[in-house]
Amino acid sequence: MKAADELVYTPNAIARSLITRRSNLVAVLISNLTNLYYPEVLSELSQQFARHGLRVLLFTLPHEGEVDKMVAQVWEYQVDGVIAAARLNPKQVAEFERRHIPFVLFNRTLRERTVNAVVCDQIEGARMLVSRLAGAGHKRFAMISGPKDSVVGQERMRGTREK
């Protein structure tokens with residue numbers, strides 16, 4: 001221990017991962033940090049993972065449609081899991097399964113199959129908003145949808161229109 005102190009030795013987490021075959025990294029894929037709650041969610045995720053000895057590796061996408069490029073980078077880091085707040089297609093989901101990397105969709109779902117997901121019902125939320133506005137006597141209002149490739153924005157617009 002004295003020699004380690006003198007050498008200012010610090011264990012190397014990356015080297016340890018070669019032996020344990022665990023990176024202790026969880027990738028978080030987020031498109032467009034336009035959701036005002038994402039910074040709060042990221043902070044809480046980081047704190048909760050840290051309590052279990054895991055670290056968050058953040059991947060931000062300028063547009064949700066560019067997730068292919070980001071997923072390719074995720075493989076390079078040998079992450080132990082993924083939380084995706086971006087649209088994944090069935091081929092990408094199949095690749096996670098082939099690689100045995102657990103993943104959870106955040107604020108997204110897949111219509112094609114059942115996957116682990118934490119979601120709000122964006123469509124019903126928008127319907128409720130429109131109903132309350134109309135119920136209060138409002139006749140003209142607008143919905144700001146966000147980026148065109150945002151799944152959340154698309155679902156909110158759908159709920160607004162389907163009132």
# chains A, B, ... in the order shown; residues from 1 in each chain; ligands from 1
>>> residues_around(residues="segment 109-114 of chain A", least_positions_apart="5", cutoff="8 Å", atoms="only C-alpha atoms", output="PyMOL selection string")
chain A and resi 88-90+119
>>> residues_around(residues="Gly53 of chain A", least_positions_apart="3", cutoff="8 Å", atoms="only C-alpha atoms", output="PDB file with N, CA and C atoms, in the first residue's frame")
ATOM      1  N   ASN A  24     -19.256  -1.838 -16.477  1.00  0.00           N
ATOM      2  CA  ASN A  24     -19.968  -1.032 -15.474  1.00  0.00           C
ATOM      3  C   ASN A  24     -20.438   0.291 -16.069  1.00  0.00           C
ATOM      4  N   PHE A  49     -27.559   4.867 -10.653  1.00  0.00           N
ATOM      5  CA  PHE A  49     -26.575   3.913 -11.164  1.00  0.00           C
ATOM      6  C   PHE A  49     -25.287   3.954 -10.334  1.00  0.00           C
ATOM      7  N   ALA A  50     -24.851   5.145  -9.941  1.00  0.00           N
ATOM      8  CA  ALA A  50     -23.632   5.277  -9.136  1.00  0.00           C
ATOM      9  C   ALA A  50     -23.750   4.506  -7.826  1.00  0.00           C
TER      10      ALA A  50
END
>>> atom_distance(atom1="atom CA of Phe141 of chain A", atom2="atom CA of Asn107 of chain A")
25.2 Å
>>> select_by_dssp(residues="segment 6-147 of chain A", states="alpha helix (DSSP H)", output="number ranges by chain")
A: 6, 13-20, 38-51, 67-76, 90-98, 122-135
>>> atom_distance(atom1="atom CA of Gly159 of chain A", atom2="atom CA of His138 of chain A")
17.2 Å
>>> select_by_dssp(residues="chain A", states="strand (DSSP E)", output="ChimeraX atom specification")
/A:25-31,55-61,81-85,103-106,117-118
>>> closest_residue(among="A:Met70, A:Ile83, A:Met1, A:Leu54", to="Val28 of chain A", atoms="only C-alpha atoms")
A:Ile83
>>> residues_around(residues="Lys148 of chain A", least_positions_apart="4", cutoff="10 Å", atoms="only C-alpha atoms", output="list of chain:residue names")
A:His63, A:Glu64, A:Gly65, A:Val152, A:Gly153, A:Gln154
>>> atom_distance(atom1="atom CA of Arg161 of chain A", atom2="atom CA of Arg127 of chain A")
8.1 Å
>>> closest_residue(among="A:Leu7, A:Val79, A:Ala27, A:Cys120", to="Arg99 of chain A", atoms="only C-alpha atoms")
A:Val79
>>> residues_around(residues="segment 38-44 of chain A", least_positions_apart="6", cutoff="9 Å", atoms="only C-alpha atoms", output="list in words")
Val28, Ile30, Val56 and Leu58 of chain A
>>> write_last_selection(atoms="all heavy atoms", output="compact mmCIF listing (two decimals), in the first residue's frame")
# COMPACT_ATOMS: atom_id res chain seq x y z
N VAL A 28 -26.75 5.84 -22.31
CA VAL A 28 -28.03 6.53 -22.39
C VAL A 28 -28.05 7.27 -23.72
O VAL A 28 -27.19 8.11 -23.98
CB VAL A 28 -28.23 7.51 -21.21
CG1 VAL A 28 -29.52 8.30 -21.38
CG2 VAL A 28 -28.23 6.76 -19.88
N ILE A 30 -29.98 9.78 -26.06
CA ILE A 30 -31.00 10.83 -26.01
C ILE A 30 -30.94 11.65 -27.28
O ILE A 30 -29.88 12.08 -27.71
CB ILE A 30 -30.79 11.76 -24.79
CG1 ILE A 30 -31.06 10.99 -23.50
CG2 ILE A 30 -31.68 12.97 -24.87
CD1 ILE A 30 -30.94 11.81 -22.27
N VAL A 56 -22.87 6.30 -16.14
CA VAL A 56 -23.64 6.60 -17.35
C VAL A 56 -22.72 7.13 -18.43
O VAL A 56 -21.87 7.99 -18.17
CB VAL A 56 -24.75 7.64 -17.04
CG1 VAL A 56 -25.37 8.18 -18.32
CG2 VAL A 56 -25.81 7.02 -16.14
N LEU A 58 -23.17 9.01 -21.87
CA LEU A 58 -24.22 9.73 -22.58
C LEU A 58 -23.90 9.86 -24.07
O LEU A 58 -22.82 10.27 -24.45
CB LEU A 58 -24.39 11.12 -21.97
CG LEU A 58 -25.46 12.01 -22.57
CD1 LEU A 58 -26.85 11.41 -22.41
CD2 LEU A 58 -25.40 13.39 -21.92
>>> closest_residue(among="A:Glu95, A:Tyr9, A:Arg87, A:Val104", to="Ala72 of chain A", atoms="only C-alpha atoms")
A:Glu95
>>> residues_around(residues="Ala84 of chain A", least_positions_apart="3", cutoff="6 Å", atoms="only C-alpha atoms", output="PDB file with N, CA, C and O atoms, in the first residue's frame")
ATOM      1  N   VAL A  28     -26.750   5.839 -22.314  1.00  0.00           N
ATOM      2  CA  VAL A  28     -28.032   6.534 -22.389  1.00  0.00           C
ATOM      3  C   VAL A  28     -28.048   7.266 -23.721  1.00  0.00           C
ATOM      4  O   VAL A  28     -27.192   8.115 -23.978  1.00  0.00           O
ATOM      5  N   LEU A  29     -29.015   6.903 -24.568  1.00  0.00           N
ATOM      6  CA  LEU A  29     -29.164   7.529 -25.880  1.00  0.00           C
ATOM      7  C   LEU A  29     -30.297   8.539 -25.796  1.00  0.00           C
ATOM      8  O   LEU A  29     -31.430   8.162 -25.478  1.00  0.00           O
ATOM      9  N   LEU A 105     -36.430   1.149 -23.205  1.00  0.00           N
ATOM     10  CA  LEU A 105     -36.830   2.343 -23.935  1.00  0.00           C
ATOM     11  C   LEU A 105     -37.417   3.340 -22.936  1.00  0.00           C
ATOM     12  O   LEU A 105     -38.166   2.953 -22.038  1.00  0.00           O
ATOM     13  N   PHE A 106     -37.041   4.593 -23.095  1.00  0.00           N
ATOM     14  CA  PHE A 106     -37.555   5.650 -22.223  1.00  0.00           C
ATOM     15  C   PHE A 106     -38.380   6.606 -23.068  1.00  0.00           C
ATOM     16  O   PHE A 106     -37.865   7.192 -24.018  1.00  0.00           O
TER      17      PHE A 106
END
>>> decode(residues="segment 8-108 of chain A", atoms="C-alpha atoms", output="PDB file, in the first residue's frame")
ATOM      1  CA  VAL A   8      -0.051   7.579  -6.837  1.00  0.00           C
ATOM      2  CA  TYR A   9      -1.537   4.341  -8.114  1.00  0.00           C
ATOM      3  CA  THR A  10      -5.205   4.324  -9.037  1.00  0.00           C
ATOM      4  CA  PRO A  11      -6.934   1.156 -10.204  1.00  0.00           C
ATOM      5  CA  ASN A  12      -7.827   1.316 -13.888  1.00  0.00           C
ATOM      6  CA  ALA A  13     -11.520   0.603 -14.455  1.00  0.00           C
ATOM      7  CA  ILE A  14     -10.958  -0.071 -18.149  1.00  0.00           C
ATOM      8  CA  ALA A  15      -8.237  -2.616 -17.460  1.00  0.00           C
ATOM      9  CA  ARG A  16     -10.433  -4.244 -14.801  1.00  0.00           C
ATOM     10  CA  SER A  17     -13.221  -4.587 -17.359  1.00  0.00           C
ATOM     11  CA  LEU A  18     -10.946  -6.748 -19.522  1.00  0.00           C
ATOM     12  CA  ILE A  19     -10.739  -9.266 -16.692  1.00  0.00           C
ATOM     13  CA  THR A  20     -14.320  -9.061 -15.404  1.00  0.00           C
ATOM     14  CA  ARG A  21     -15.888  -8.683 -18.873  1.00  0.00           C
ATOM     15  CA  ARG A  22     -18.069  -5.934 -17.401  1.00  0.00           C
ATOM     16  CA  SER A  23     -17.599  -2.274 -18.220  1.00  0.00           C
ATOM     17  CA  ASN A  24     -19.968  -1.032 -15.474  1.00  0.00           C
ATOM     18  CA  LEU A  25     -21.200   1.453 -18.081  1.00  0.00           C
ATOM     19  CA  VAL A  26     -24.798   2.058 -19.042  1.00  0.00           C
ATOM     20  CA  ALA A  27     -25.292   3.936 -22.295  1.00  0.00           C
ATOM     21  CA  VAL A  28     -28.032   6.534 -22.389  1.00  0.00           C
ATOM     22  CA  LEU A  29     -29.164   7.529 -25.880  1.00  0.00           C
ATOM     23  CA  ILE A  30     -31.004  10.830 -26.007  1.00  0.00           C
ATOM     24  CA  SER A  31     -32.174  12.697 -29.032  1.00  0.00           C
ATOM     25  CA  ASN A  32     -32.511  16.435 -28.937  1.00  0.00           C
ATOM     26  CA  LEU A  33     -32.201  17.546 -25.359  1.00  0.00           C
ATOM     27  CA  THR A  34     -35.372  19.534 -26.001  1.00  0.00           C
ATOM     28  CA  ASN A  35     -37.382  17.682 -23.384  1.00  0.00           C
ATOM     29  CA  LEU A  36     -37.153  19.952 -20.365  1.00  0.00           C
ATOM     30  CA  TYR A  37     -37.205  17.000 -17.967  1.00  0.00           C
ATOM     31  CA  TYR A  38     -34.243  15.159 -19.476  1.00  0.00           C
ATOM     32  CA  PRO A  39     -31.568  16.962 -17.429  1.00  0.00           C
ATOM     33  CA  GLU A  40     -33.457  16.024 -14.264  1.00  0.00           C
ATOM     34  CA  VAL A  41     -33.902  12.447 -15.466  1.00  0.00           C
ATOM     35  CA  LEU A  42     -30.208  12.188 -16.362  1.00  0.00           C
ATOM     36  CA  SER A  43     -29.179  13.457 -12.951  1.00  0.00           C
ATOM     37  CA  GLU A  44     -31.391  10.931 -11.171  1.00  0.00           C
ATOM     38  CA  LEU A  45     -30.268   8.073 -13.432  1.00  0.00           C
ATOM     39  CA  SER A  46     -26.620   8.923 -12.807  1.00  0.00           C
ATOM     40  CA  GLN A  47     -27.120   9.012  -9.045  1.00  0.00           C
ATOM     41  CA  GLN A  48     -29.052   5.747  -8.942  1.00  0.00           C
ATOM     42  CA  PHE A  49     -26.575   3.913 -11.164  1.00  0.00           C
ATOM     43  CA  ALA A  50     -23.632   5.277  -9.136  1.00  0.00           C
ATOM     44  CA  ARG A  51     -25.149   3.721  -6.009  1.00  0.00           C
ATOM     45  CA  HIS A  52     -24.754   0.371  -7.761  1.00  0.00           C
ATOM     46  CA  GLY A  53     -21.223   1.011  -9.020  1.00  0.00           C
ATOM     47  CA  LEU A  54     -22.312   1.872 -12.552  1.00  0.00           C
ATOM     48  CA  ARG A  55     -21.598   4.953 -14.639  1.00  0.00           C
ATOM     49  CA  VAL A  56     -23.643   6.598 -17.350  1.00  0.00           C
ATOM     50  CA  LEU A  57     -22.158   7.082 -20.787  1.00  0.00           C
ATOM     51  CA  LEU A  58     -24.220   9.727 -22.581  1.00  0.00           C
ATOM     52  CA  PHE A  59     -24.816   9.654 -26.332  1.00  0.00           C
ATOM     53  CA  THR A  60     -26.723  12.637 -27.707  1.00  0.00           C
ATOM     54  CA  LEU A  61     -28.262  12.669 -31.150  1.00  0.00           C
ATOM     55  CA  PRO A  62     -28.895  15.921 -32.993  1.00  0.00           C
ATOM     56  CA  HIS A  63     -31.943  14.268 -34.602  1.00  0.00           C
ATOM     57  CA  GLU A  64     -33.810  11.138 -33.630  1.00  0.00           C
ATOM     58  CA  GLY A  65     -33.450   9.806 -37.164  1.00  0.00           C
ATOM     59  CA  GLU A  66     -29.655   9.531 -36.697  1.00  0.00           C
ATOM     60  CA  VAL A  67     -29.811   6.754 -34.119  1.00  0.00           C
ATOM     61  CA  ASP A  68     -28.036   4.236 -36.420  1.00  0.00           C
ATOM     62  CA  LYS A  69     -24.740   6.139 -36.159  1.00  0.00           C
ATOM     63  CA  MET A  70     -25.018   6.339 -32.396  1.00  0.00           C
ATOM     64  CA  VAL A  71     -25.883   2.664 -31.880  1.00  0.00           C
ATOM     65  CA  ALA A  72     -22.777   1.723 -33.876  1.00  0.00           C
ATOM     66  CA  GLN A  73     -20.703   3.755 -31.404  1.00  0.00           C
ATOM     67  CA  VAL A  74     -22.382   2.104 -28.404  1.00  0.00           C
ATOM     68  CA  TRP A  75     -20.937  -1.282 -29.421  1.00  0.00           C
ATOM     69  CA  GLU A  76     -17.404   0.168 -29.209  1.00  0.00           C
ATOM     70  CA  TYR A  77     -17.777   0.824 -25.470  1.00  0.00           C
ATOM     71  CA  GLN A  78     -18.877  -2.676 -24.464  1.00  0.00           C
ATOM     72  CA  VAL A  79     -21.637  -1.242 -22.289  1.00  0.00           C
ATOM     73  CA  ASP A  80     -23.507  -3.463 -19.846  1.00  0.00           C
ATOM     74  CA  GLY A  81     -26.903  -1.978 -20.732  1.00  0.00           C
ATOM     75  CA  VAL A  82     -28.697   0.791 -22.605  1.00  0.00           C
ATOM     76  CA  ILE A  83     -31.484   3.232 -21.888  1.00  0.00           C
ATOM     77  CA  ALA A  84     -32.771   4.624 -25.163  1.00  0.00           C
ATOM     78  CA  ALA A  85     -34.767   7.856 -25.295  1.00  0.00           C
ATOM     79  CA  ALA A  86     -34.617   7.604 -29.067  1.00  0.00           C
ATOM     80  CA  ARG A  87     -36.522   5.584 -31.626  1.00  0.00           C
ATOM     81  CA  LEU A  88     -35.065   2.128 -32.226  1.00  0.00           C
ATOM     82  CA  ASN A  89     -36.142   0.046 -35.170  1.00  0.00           C
ATOM     83  CA  PRO A  90     -36.692  -3.732 -35.028  1.00  0.00           C
ATOM     84  CA  LYS A  91     -33.288  -4.425 -36.615  1.00  0.00           C
ATOM     85  CA  GLN A  92     -31.519  -2.405 -33.899  1.00  0.00           C
ATOM     86  CA  VAL A  93     -33.535  -4.152 -31.186  1.00  0.00           C
ATOM     87  CA  ALA A  94     -32.577  -7.521 -32.653  1.00  0.00           C
ATOM     88  CA  GLU A  95     -28.910  -6.490 -32.539  1.00  0.00           C
ATOM     89  CA  PHE A  96     -29.172  -5.630 -28.828  1.00  0.00           C
ATOM     90  CA  GLU A  97     -30.651  -9.066 -28.234  1.00  0.00           C
ATOM     91  CA  ARG A  98     -28.024 -10.799 -30.381  1.00  0.00           C
ATOM     92  CA  ARG A  99     -25.307  -9.124 -28.329  1.00  0.00           C
ATOM     93  CA  HIS A 100     -27.137  -9.930 -25.053  1.00  0.00           C
ATOM     94  CA  ILE A 101     -27.187  -6.275 -24.043  1.00  0.00           C
ATOM     95  CA  PRO A 102     -30.242  -5.410 -21.967  1.00  0.00           C
ATOM     96  CA  PHE A 103     -32.032  -2.224 -22.936  1.00  0.00           C
ATOM     97  CA  VAL A 104     -34.977  -0.155 -21.790  1.00  0.00           C
ATOM     98  CA  LEU A 105     -36.830   2.343 -23.935  1.00  0.00           C
ATOM     99  CA  PHE A 106     -37.555   5.650 -22.223  1.00  0.00           C
ATOM    100  CA  ASN A 107     -40.563   7.619 -23.456  1.00  0.00           C
ATOM    101  CA  ARG A 108     -40.710   5.322 -26.491  1.00  0.00           C
TER     102      ARG A 108
END
